[in-house]
Amino acid sequence: MYLPDELINCRVLITVKTYPLPSRKYDDLVCTAGLLEDGKWIRIYPVPFRSLPYDTQYEKYSLLELDLIRNTSDFRPESYKPLLGMDGIKPPKGKISPENNWARRKMYVFKEVFDSMSEIIKLAKSSEKKSLATLKPTEITNFVIEPVERQWKQEWRDQLLQLNLFDTDDKGQGKPREVVRKLPYKYSYEFLSKGDKKPRKLMIEDWEIGALYWNCLRQAEGDEEKANQLVRQKYFDVFVNKRDLYLFLGTTKQYHLVAPNPFVIIGTFHPPKSGPYEQLAMSI
């Protein structure tokens, strides 16, 4: 057994938050994942993140302490859900910020790091059904930006309108909650890992790259080409060329058993390289 069915007072370092997706039950859902002190991965799902009280809306590298129970609707061994639902998610017990703390983050992340994508896929297809992993690529060869549909599927939009969910404004009045904006582009890394003869291409689905695009679009005053140049600058020029880049990988439940490679990139880990650049390192 990967871990017990119940994890009481479980302490998780949050390392992954995926971009929100529409949900039948909530306005949108976020897949959250993190690491225990022993380096084991935990997926916490479902989490209607934007519906959480403000003080419980955790950031990456927050330390959550909560009771978890195995999500029996998901065959992947790392999948758990809060024992008490949304009420079981309490304010974080602190955060490992980047200032002088990359070493603390590494204590969690570096407990298990793979250098071969083939090995990770093999474990996913085995009885272990591994669905979360950290990969150190041999080489990142490209950062790909591709346009996609600009609106959510009509059926999803209709469901969201039917939910009639509300937020509260600064005067305490109810107001309709905005549907999370769909990214009009998808972003992927092309990379080589140990034993690869040609580059692999995996889509990046973390919240950070979506938030970065919208921030860059505002900075570029609505110019999407300039915004994407800024995204590329950070994810390739900085993370690849000036950082020590690792990829957090995860499978989707739908494709885990059927896709030749069921993984997508659900986050990045990019500690500074040693040397002068470390003093200038950016943090997300």
# chains A, B, ... in the order shown; residues from 1 in each chain; ligands from 1

$ residues_around --residues "Val16 in chain A" --least-positions-apart "2" --cutoff "12 Å" --atoms "only C-alpha atoms" --output "ChimeraX atom specification"
/A:12-14,18-19,30-35,41-45,58-62,109,132-134,204-209,247-250,265-269

$ select_by_dssp --residues "range 37-169 of chain A" --states "helix (DSSP H, G or I)" --output "PyMOL selection string"
chain A and resi 49-51+54-56+85-88+102-109+117-125+154-163

$ write_last_selection --atoms "N, CA and C atoms" --output "CSV table (one decimal), in the first residue's frame"
chain,number,residue,atom,x,y,z
A,49,PHE,N,-11.1,25.8,-5.3
A,49,PHE,CA,-10.2,26.7,-4.7
A,49,PHE,C,-10.8,28.1,-4.5
A,50,ARG,N,-11.4,28.7,-5.5
A,50,ARG,CA,-11.9,30.0,-5.5
A,50,ARG,C,-13.1,30.2,-4.6
A,51,SER,N,-13.7,29.0,-4.1
A,51,SER,CA,-14.8,29.0,-3.2
A,51,SER,C,-14.4,29.0,-1.8
A,54,TYR,N,-11.0,33.3,2.1
A,54,TYR,CA,-9.8,34.0,1.7
A,54,TYR,C,-8.6,33.5,2.5
A,55,ASP,N,-8.8,33.3,3.8
A,55,ASP,CA,-7.6,33.0,4.6
A,55,ASP,C,-7.1,31.6,4.5
A,56,THR,N,-7.9,30.8,3.7
A,56,THR,CA,-7.5,29.4,3.5
A,56,THR,C,-7.0,29.1,2.1
A,85,GLY,N,-14.2,17.7,3.9
A,85,GLY,CA,-14.5,18.5,2.7
A,85,GLY,C,-13.9,19.9,2.8
A,86,MET,N,-14.5,20.9,2.3
A,86,MET,CA,-14.0,22.2,2.3
A,86,MET,C,-13.7,22.7,3.7
A,87,ASP,N,-14.5,22.3,4.7
A,87,ASP,CA,-14.4,22.7,6.1
A,87,ASP,C,-13.1,22.2,6.7
A,88,GLY,N,-12.5,21.1,6.0
A,88,GLY,CA,-11.3,20.6,6.6
A,88,GLY,C,-10.0,21.3,6.1
A,102,TRP,N,15.6,28.0,-0.6
A,102,TRP,CA,15.6,27.0,-1.6
A,102,TRP,C,16.1,25.6,-1.1
A,103,ALA,N,17.0,25.7,-0.2
A,103,ALA,CA,17.5,24.4,0.4
A,103,ALA,C,16.4,23.7,1.2
A,104,ARG,N,15.6,24.4,1.9
A,104,ARG,CA,14.4,23.7,2.6
A,104,ARG,C,13.5,23.1,1.6
A,105,ARG,N,13.2,23.8,0.5
A,105,ARG,CA,12.3,23.2,-0.5
A,105,ARG,C,13.0,22.0,-1.1
A,106,LYS,N,14.3,22.0,-1.4
A,106,LYS,CA,15.0,20.9,-1.9
A,106,LYS,C,14.9,19.6,-1.0
A,107,MET,N,14.8,19.9,0.3
A,107,MET,CA,14.7,18.7,1.2
A,107,MET,C,13.5,17.9,1.0
A,108,TYR,N,12.4,18.5,0.5
A,108,TYR,CA,11.2,17.8,0.1
A,108,TYR,C,11.3,17.2,-1.3
A,109,VAL,N,11.7,18.1,-2.3
A,109,VAL,CA,11.6,17.8,-3.7
A,109,VAL,C,12.6,16.7,-4.1
A,117,MET,N,12.2,9.7,-18.5
A,117,MET,CA,10.7,9.7,-18.7
A,117,MET,C,10.2,8.3,-19.0
A,118,SER,N,11.0,7.5,-19.7
A,118,SER,CA,10.6,6.1,-19.9
A,118,SER,C,10.3,5.4,-18.6
A,119,GLU,N,11.2,5.6,-17.7
A,119,GLU,CA,11.0,4.9,-16.4
A,119,GLU,C,9.8,5.3,-15.7
A,120,ILE,N,9.5,6.6,-15.7
A,120,ILE,CA,8.3,7.1,-15.0
A,120,ILE,C,7.0,6.5,-15.7
A,121,ILE,N,7.0,6.5,-17.0
A,121,ILE,CA,5.9,5.9,-17.7
A,121,ILE,C,5.7,4.4,-17.4
A,122,LYS,N,6.8,3.7,-17.3
A,122,LYS,CA,6.8,2.3,-17.0
A,122,LYS,C,6.1,2.1,-15.6
A,123,LEU,N,6.5,3.0,-14.7
A,123,LEU,CA,5.9,2.8,-13.3
A,123,LEU,C,4.4,3.2,-13.3
A,124,ALA,N,4.0,4.1,-14.2
A,124,ALA,CA,2.6,4.5,-14.3
A,124,ALA,C,1.8,3.3,-14.9
A,125,LYS,N,2.4,2.6,-15.8
A,125,LYS,CA,1.6,1.5,-16.4
A,125,LYS,C,1.7,0.2,-15.6
A,154,GLN,N,-19.4,25.0,-24.7
A,154,GLN,CA,-20.7,25.6,-24.4
A,154,GLN,C,-21.4,24.9,-23.3
A,155,GLU,N,-21.3,23.6,-23.2
A,155,GLU,CA,-22.0,22.8,-22.2
A,155,GLU,C,-21.4,23.2,-20.8
A,156,TRP,N,-20.1,23.5,-20.7
A,156,TRP,CA,-19.5,23.9,-19.5
A,156,TRP,C,-20.0,25.3,-19.1
A,157,ARG,N,-20.0,26.2,-20.1
A,157,ARG,CA,-20.5,27.6,-19.8
A,157,ARG,C,-21.9,27.6,-19.3
A,158,ASP,N,-22.8,26.7,-19.9
A,158,ASP,CA,-24.2,26.6,-19.5
A,158,ASP,C,-24.2,26.1,-18.1
A,159,GLN,N,-23.4,25.1,-17.7
A,159,GLN,CA,-23.4,24.6,-16.4
A,159,GLN,C,-23.0,25.7,-15.3
A,160,LEU,N,-22.0,26.4,-15.7
A,160,LEU,CA,-21.5,27.5,-14.8
A,160,LEU,C,-22.6,28.5,-14.6
A,161,LEU,N,-23.4,28.9,-15.6
A,161,LEU,CA,-24.4,29.9,-15.5
A,161,LEU,C,-25.6,29.3,-14.6
A,162,GLN,N,-25.8,28.0,-14.7
A,162,GLN,CA,-26.9,27.4,-13.9
A,162,GLN,C,-26.5,27.4,-12.4
A,163,LEU,N,-25.2,27.3,-12.1
A,163,LEU,CA,-24.8,27.2,-10.7
A,163,LEU,C,-25.2,28.5,-9.9

$ atom_distance --atom1 "CA of Tyr235 in chain A" --atom2 "CA of Ala259 in chain A"
26.4 Å

$ select_by_dssp --residues "range 52-200 of chain A" --states "strand (DSSP E or B)" --output "ChimeraX atom specification"
/A:62-70,79-82,95,114,132-135,139-147,166-168,174-176,185-192,200

$ write_last_selection --atoms "C-alpha atoms" --output "PDB file, in the first residue's frame"
ATOM      1  CA  SER A  62       2.501  26.705   1.752  1.00  0.00           C
ATOM      2  CA  LEU A  63       2.467  24.090   4.500  1.00  0.00           C
ATOM      3  CA  LEU A  64      -1.033  22.645   4.931  1.00  0.00           C
ATOM      4  CA  GLU A  65      -2.008  20.540   7.915  1.00  0.00           C
ATOM      5  CA  LEU A  66      -5.235  18.629   7.385  1.00  0.00           C
ATOM      6  CA  ASP A  67      -6.963  15.275   7.664  1.00  0.00           C
ATOM      7  CA  LEU A  68      -7.128  13.355   4.407  1.00  0.00           C
ATOM      8  CA  ILE A  69      -8.979  10.255   3.259  1.00  0.00           C
ATOM      9  CA  ARG A  70      -8.267   8.199   0.163  1.00  0.00           C
ATOM     10  CA  SER A  79      -5.161  10.685  -4.653  1.00  0.00           C
ATOM     11  CA  TYR A  80      -6.806  11.878  -1.435  1.00  0.00           C
ATOM     12  CA  LYS A  81      -9.508  14.353  -0.465  1.00  0.00           C
ATOM     13  CA  PRO A  82     -10.090  16.384   2.712  1.00  0.00           C
ATOM     14  CA  LYS A  95       5.141  29.046   3.837  1.00  0.00           C
ATOM     15  CA  PHE A 114      13.910  10.695 -11.983  1.00  0.00           C
ATOM     16  CA  LEU A 132       3.050  12.011  -9.778  1.00  0.00           C
ATOM     17  CA  ALA A 133       6.796  12.424 -10.195  1.00  0.00           C
ATOM     18  CA  THR A 134       9.695  14.861 -10.442  1.00  0.00           C
ATOM     19  CA  LEU A 135      11.845  14.749 -13.580  1.00  0.00           C
ATOM     20  CA  GLU A 139      18.003  19.045 -22.017  1.00  0.00           C
ATOM     21  CA  ILE A 140      15.110  21.428 -22.672  1.00  0.00           C
ATOM     22  CA  THR A 141      15.156  21.938 -26.439  1.00  0.00           C
ATOM     23  CA  ASN A 142      12.197  24.283 -26.972  1.00  0.00           C
ATOM     24  CA  PHE A 143       9.299  26.185 -25.435  1.00  0.00           C
ATOM     25  CA  VAL A 144       6.234  25.943 -27.677  1.00  0.00           C
ATOM     26  CA  ILE A 145       3.324  28.404 -27.772  1.00  0.00           C
ATOM     27  CA  GLU A 146       0.188  27.373 -29.679  1.00  0.00           C
ATOM     28  CA  PRO A 147      -3.227  29.087 -30.010  1.00  0.00           C
ATOM     29  CA  PHE A 166     -22.008  34.525  -5.886  1.00  0.00           C
ATOM     30  CA  ASP A 167     -19.122  36.380  -4.315  1.00  0.00           C
ATOM     31  CA  THR A 168     -19.434  39.286  -1.899  1.00  0.00           C
ATOM     32  CA  GLY A 174     -23.745  39.517  -3.475  1.00  0.00           C
ATOM     33  CA  LYS A 175     -22.433  39.621  -7.016  1.00  0.00           C
ATOM     34  CA  PRO A 176     -22.197  36.871  -9.668  1.00  0.00           C
ATOM     35  CA  TYR A 185      -2.814  29.600 -25.775  1.00  0.00           C
ATOM     36  CA  LYS A 186      -1.265  26.369 -24.627  1.00  0.00           C
ATOM     37  CA  TYR A 187       2.361  26.113 -23.584  1.00  0.00           C
ATOM     38  CA  SER A 188       4.637  23.097 -23.819  1.00  0.00           C
ATOM     39  CA  TYR A 189       8.232  22.114 -23.204  1.00  0.00           C
ATOM     40  CA  GLU A 190      10.100  19.936 -25.671  1.00  0.00           C
ATOM     41  CA  PHE A 191      12.863  18.065 -23.889  1.00  0.00           C
ATOM     42  CA  LEU A 192      15.145  15.067 -23.751  1.00  0.00           C
ATOM     43  CA  ARG A 200       9.328  14.691 -26.124  1.00  0.00           C
TER      44      ARG A 200
END

$ closest_residue --among "A:Leu7, A:Glu37, A:Ser131, A:Asn71" --to "Gln254 in chain A" --atoms "only C-alpha atoms"
A:Ser131

$ atom_distance --atom1 "CA of Lys93 in chain A" --atom2 "CA of Leu21 in chain A"
26.7 Å

$ residues_around --residues "Pro271 in chain A" --least-positions-apart "5" --cutoff "8 Å" --atoms "only C-alpha atoms" --output "list in words"
Trp102, Arg243, Asp244 and Leu245 of chain A

$ write_last_selection --atoms "all heavy atoms" --output "compact mmCIF listing (two decimals), in the first residue's frame"
# COMPACT_ATOMS: atom_id res chain seq x y z
N TRP A 102 15.59 27.98 -0.59
CA TRP A 102 15.56 26.96 -1.64
C TRP A 102 16.08 25.63 -1.10
O TRP A 102 15.61 24.57 -1.51
CB TRP A 102 16.38 27.41 -2.84
CG TRP A 102 15.64 28.38 -3.70
CD1 TRP A 102 15.81 29.73 -3.76
CD2 TRP A 102 14.59 28.09 -4.62
NE1 TRP A 102 14.93 30.28 -4.65
CE2 TRP A 102 14.17 29.31 -5.21
CE3 TRP A 102 13.95 26.91 -5.02
CZ2 TRP A 102 13.16 29.38 -6.15
CZ3 TRP A 102 12.95 26.98 -5.97
CH2 TRP A 102 12.56 28.20 -6.52
N ARG A 243 18.36 28.92 -14.66
CA ARG A 243 17.95 28.19 -13.46
C ARG A 243 18.29 26.71 -13.59
O ARG A 243 18.62 26.22 -14.67
CB ARG A 243 16.44 28.36 -13.23
CG ARG A 243 16.00 29.77 -12.84
CD ARG A 243 16.47 30.16 -11.47
NE ARG A 243 15.87 31.42 -11.04
CZ ARG A 243 14.84 31.51 -10.21
NH1 ARG A 243 14.27 30.42 -9.74
NH2 ARG A 243 14.38 32.69 -9.85
N ASP A 244 18.15 26.01 -12.49
CA ASP A 244 18.32 24.56 -12.47
C ASP A 244 16.92 23.96 -12.50
O ASP A 244 16.28 23.79 -11.46
CB ASP A 244 19.07 24.17 -11.20
CG ASP A 244 19.43 22.70 -11.16
OD1 ASP A 244 19.46 22.07 -12.23
OD2 ASP A 244 19.70 22.18 -10.06
N LEU A 245 16.43 23.65 -13.69
CA LEU A 245 15.01 23.35 -13.89
C LEU A 245 14.67 21.87 -13.72
O LEU A 245 15.32 20.99 -14.29
CB LEU A 245 14.58 23.80 -15.29
CG LEU A 245 13.10 23.58 -15.66
CD1 LEU A 245 12.19 24.38 -14.75
CD2 LEU A 245 12.86 23.95 -17.12

$ atom_distance --atom1 "CA of Pro53 in chain A" --atom2 "CA of Asp74 in chain A"
26.3 Å

$ closest_residue --among "A:Tyr2, A:Phe110, A:Trp152, A:Phe239" --to "Pro20 in chain A" --atoms "only C-alpha atoms"
A:Trp152
